[in-house]
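Undergrad: Take this structure, written in structure tokens, and hold onto it; I'll ask about it next.
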Amino acid sequence: MTSAGPLVEVRQLTVSIGQRTFCRDLDLSLQPGERLAILGRNGAGKSTLLSVLAGLRVPQAGEVRLNGATYAELGARRSALLRGWLPQSRGDAFAATVLETALVGRHPHLDRWGWESTKDAQIVRAALAAVDLADFEQRDIQTLSGGERQRLAIATLLAQAPQLFLLDEPIAYLDLKHQIAMLELFATAARENNAAVAMVLHEPALAWRFCDRVLLVHSDGLTECGPTRTMLTAERLSALYHYPMLAVECEGRMSFLPK
Amino acid sequence: MPTRRRALLILLALAALALASVLLALGAGSVRIPLREVLSALFDGSANVHGEVVRSLRLPRALAGFACGGLLALAGALLQVLLRNPLADPYVLGISGGAGVGAILAILFGLGAAAIGGAAFVGALAAMLVVFGLAHGDGSWTQSRLLLTGVIVAAGCGAVVALILSIAPDHKLHGMLFWLMGDLAQATSPHLALGMLVAVLVIVMPFARELNLLTRGADLAQALGVQVGRLRRGIYLVASLATAAAVTQAGSIGFIGLIVPHLVRLAAGNDQRLLLPASALAGGSLLVIADTLARTVIAPQQLPVGVLTALIGVPVFLFLLARDARRRG
């Protein structure tokens, strides 16, 4: 199924909205099994870059290729079988149960007239169990807390079962236990299912622990990409966040504290 | 868990309701006709007066009412998804306003029923093109912008209608008011509206699951494999044409398009694969029942059916809303 090349590849990518350019001439590729963290200040363009990678926004220049093909060549449905996208915010206009909401993830796997089968329901129930929402099936989504809603969105993404996960702040609203649990979940998907993961994070220590590579998105449109150990230093993070940072090592793991 | 079997059962029950409502409409009226005679008039072609009343007066009106109710409910359901707004109804985008201006002008100039219908349709299409052109002009498309453009165009049309009403001669006011409140008395040929209802269902049903995704947001729908831009334009066009066809036939009948999709949603959930056909059946049935009441409550005088749809719809809706709040709380 997976070709030998990178799962996603961008060349000479420039992303801008109106007059502002967020990243310039970015070259990036992700192999199956790789996990990339995207770090940067608020408004630096991390989410915009992620939606360009997801094919939801057209870049100013350059192109995005999934398994060697552009989004236009793949079409919406075949793209949806390859890449999944976790948006940062969701509004629910209508009431729906947790199970119905997560079943939406199976859409690209069904044909036009198809209804969700019991096998789809099994996949979705497993996904709900994986995010610790097993007993929530019949709950109305409008009664969920922010963190539960976030885990439901992750379950929907797991039900979609893409090879490339593009996650915009996947651990927002989550308590500490669930932050680690969700990041472990994606680490497992990368290790065992050869998925590639790119996620926007605001916690460098978690990026250090859960990612192989880091992309730093600076506010002026410059980007730096490299292995986690070389990119995550107090010096680089201080420059990135425009705030002095301190690197602390504890039980073999790095933590980064604002001074 | 949505299943095909559950959807079919609910649709069968609603189809039975639709059939019962049409039979009720055929039997009730200033002359009561028993069911046995209604059936023989329909199937044996009995030549007596009752047979004539059923076949050439009540049947066309009942079928036209059913088609209009179905079209309005369907258009309402589609626009609520398109705008991701539970308060959207078929008139929110100014289509009935445009139709109203056309129809009222036709009545003012003393044109016949067919010309009034034609003018209403032209007005509806004009409003639709204006709203679409303004909201979509630069290629961008946001729900709030479309909604605001529609609301403003509708307000403008309302002002024009009020202006015409204030200068119209007294003997034409009654006809104008009935048209504005919604009235099926002029509905004598149901074929166009019925054909439109079937056509709209045939067009939208293949996209019903994609519409489910659209309720979760455009970007998420796109990420899950929906061609959002194309789908939205198509839904806008289809919902507008459905509304225009209904309004042309029966004037601006209120509440059906807003309330019926909500009734179905509260009773059977928000899966568009079930919601769209169920709304069509329930909307048609509700309008036929309301029109039957409009003809019979103070017979031989007739009420505008739009008043009765509101009088029936509002308490039912409030009851379901209260029940839903209790169940969730």
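As shown in the structure tokens, the chain order sets the letters A, B, ...; within each chain, residues go from 1, and ligands are also counted from 1 in the order they appear.
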With a distance threshold of 10 Å and counting only C-alpha atoms, extract the residues of chain B near chain A and express them as a PyMOL selection string.
TA: chain B and resi 1-4+80-81+83-86+205-210+212-213+215-228+265-266+269-271+273+328-329
Undergrad: For range 195-203 of chain A, list every protein, DNA or RNA residue within 8 Å, evaluated using only C-alpha atoms, and leave out those in the same chain fewer than 6 positions away; present the list as JSON, numbers by chain.
TA: {"A": [7, 30, 31, 32, 33, 34, 35, 36, 37, 38, 39, 40, 46, 47, 162, 163, 164, 165, 166, 167, 168, 169, 170, 171, 186, 189]}
Undergrad: Would you save the residues of that selection, restricted to C-alpha atoms, as a PDB file, in the first residue's frame?
TA:
ATOM      1  CA  LEU A   7       4.137  10.110   2.553  1.00  0.00           C
ATOM      2  CA  LEU A  30       7.658  13.108   6.081  1.00  0.00           C
ATOM      3  CA  GLN A  31       8.410   9.390   5.804  1.00  0.00           C
ATOM      4  CA  PRO A  32       6.002   6.725   7.085  1.00  0.00           C
ATOM      5  CA  GLY A  33       6.566   6.313  10.824  1.00  0.00           C
ATOM      6  CA  GLU A  34       7.940   9.817  11.307  1.00  0.00           C
ATOM      7  CA  ARG A  35       6.590  12.313  13.826  1.00  0.00           C
ATOM      8  CA  LEU A  36       7.068  16.036  13.342  1.00  0.00           C
ATOM      9  CA  ALA A  37       6.308  18.797  15.839  1.00  0.00           C
ATOM     10  CA  ILE A  38       5.504  22.290  14.586  1.00  0.00           C
ATOM     11  CA  LEU A  39       6.330  25.012  17.108  1.00  0.00           C
ATOM     12  CA  GLY A  40       5.954  28.762  16.955  1.00  0.00           C
ATOM     13  CA  LYS A  46       1.309  27.094  12.087  1.00  0.00           C
ATOM     14  CA  SER A  47      -2.378  26.315  11.539  1.00  0.00           C
ATOM     15  CA  PRO A 162      -5.513   7.863   7.436  1.00  0.00           C
ATOM     16  CA  GLN A 163      -1.795   7.284   6.898  1.00  0.00           C
ATOM     17  CA  LEU A 164      -0.894  10.912   7.487  1.00  0.00           C
ATOM     18  CA  PHE A 165      -2.173  12.679  10.609  1.00  0.00           C
ATOM     19  CA  LEU A 166      -2.145  16.483  10.535  1.00  0.00           C
ATOM     20  CA  LEU A 167      -2.976  17.621  14.052  1.00  0.00           C
ATOM     21  CA  ASP A 168      -3.640  21.211  15.041  1.00  0.00           C
ATOM     22  CA  GLU A 169      -3.015  21.409  18.792  1.00  0.00           C
ATOM     23  CA  PRO A 170      -4.140  17.828  19.477  1.00  0.00           C
ATOM     24  CA  ILE A 171      -3.755  18.193  23.236  1.00  0.00           C
ATOM     25  CA  PHE A 186      -0.323   8.764  17.740  1.00  0.00           C
ATOM     26  CA  ALA A 189       0.008   4.694  15.098  1.00  0.00           C
TER      27      ALA A 189
END
Undergrad: Would you kindly return, as a VMD selection string, each protein, DNA or RNA residue with an atom no farther than 8 Å from any atom of Ser219 in chain A, considering only C-alpha atoms and excluding same-chain residues fewer than 2 positions away?
TA: chain A and resid 22 40 to 41 43 to 45 217 221 to 222
Undergrad: Residues near Ile152 in chain B, anyone? I mean within 12 Å using only C-alpha atoms, not counting same-chain ones fewer than 5 positions away, as an MDAnalysis selection string.
TA: chainID B and resid 91:95 97:98 127 130:131 134:135 145:147 157:159
Undergrad: Report as a PDB file with C-alpha atoms, in the first residue's frame all protein, DNA and RNA residues lying within 6 Å of range 62-69 of chain A, evaluated on only C-alpha atoms, omitting residues in the same chain fewer than 5 positions from it.
TA:
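File result.pdb, as written:
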ATOM      1  CA  LEU A   7       4.137  10.110   2.553  1.00  0.00           C
ATOM      2  CA  VAL A   8       3.984  13.869   2.184  1.00  0.00           C
ATOM      3  CA  GLU A   9       6.437  16.139   0.448  1.00  0.00           C
ATOM      4  CA  VAL A  10       6.438  19.885  -0.073  1.00  0.00           C
ATOM      5  CA  ARG A  11       8.878  21.819  -2.221  1.00  0.00           C
ATOM      6  CA  GLN A  12       9.500  25.572  -2.276  1.00  0.00           C
ATOM      7  CA  LEU A  13       6.259  26.170  -0.403  1.00  0.00           C
TER       8      LEU A  13
END
Undergrad: Between B:Met176, B:Leu125, B:Ala75, B:Ala7, which has the minimum distance to Ala268 in chain B (counting only C-alpha atoms)?
TA: B:Ala7
Undergrad: Using only C-alpha atoms, which residues sit within 10 Å of Glu37 in chain B once same-chain residues fewer than 5 positions away are excluded, as number ranges by chain?
TA: B: 27, 42-44, 46, 50-51, 54
Undergrad: Using only C-alpha atoms, which protein or nucleic acid residues come within 6 Å of Val15 in chain A? Drop anything in the same chain fewer than 4 positions from it, and give the result as number ranges by chain.
TA: A: 21-23, 59-60
Undergrad: Per DSSP on the backbone, what are the strand (DSSP E) residues of range 67-147 of chain A, as number ranges by chain?
TA: A: 69-70, 83-86
Undergrad: Could you please determine the separation between CA of Pro227 in chain A and CA of Cys211 in chain A in Å, to one decimal place?
TA: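 Calculated distance between CA of Pro227 in chain A and CA of Cys211 in chain A is 8.8 Å.
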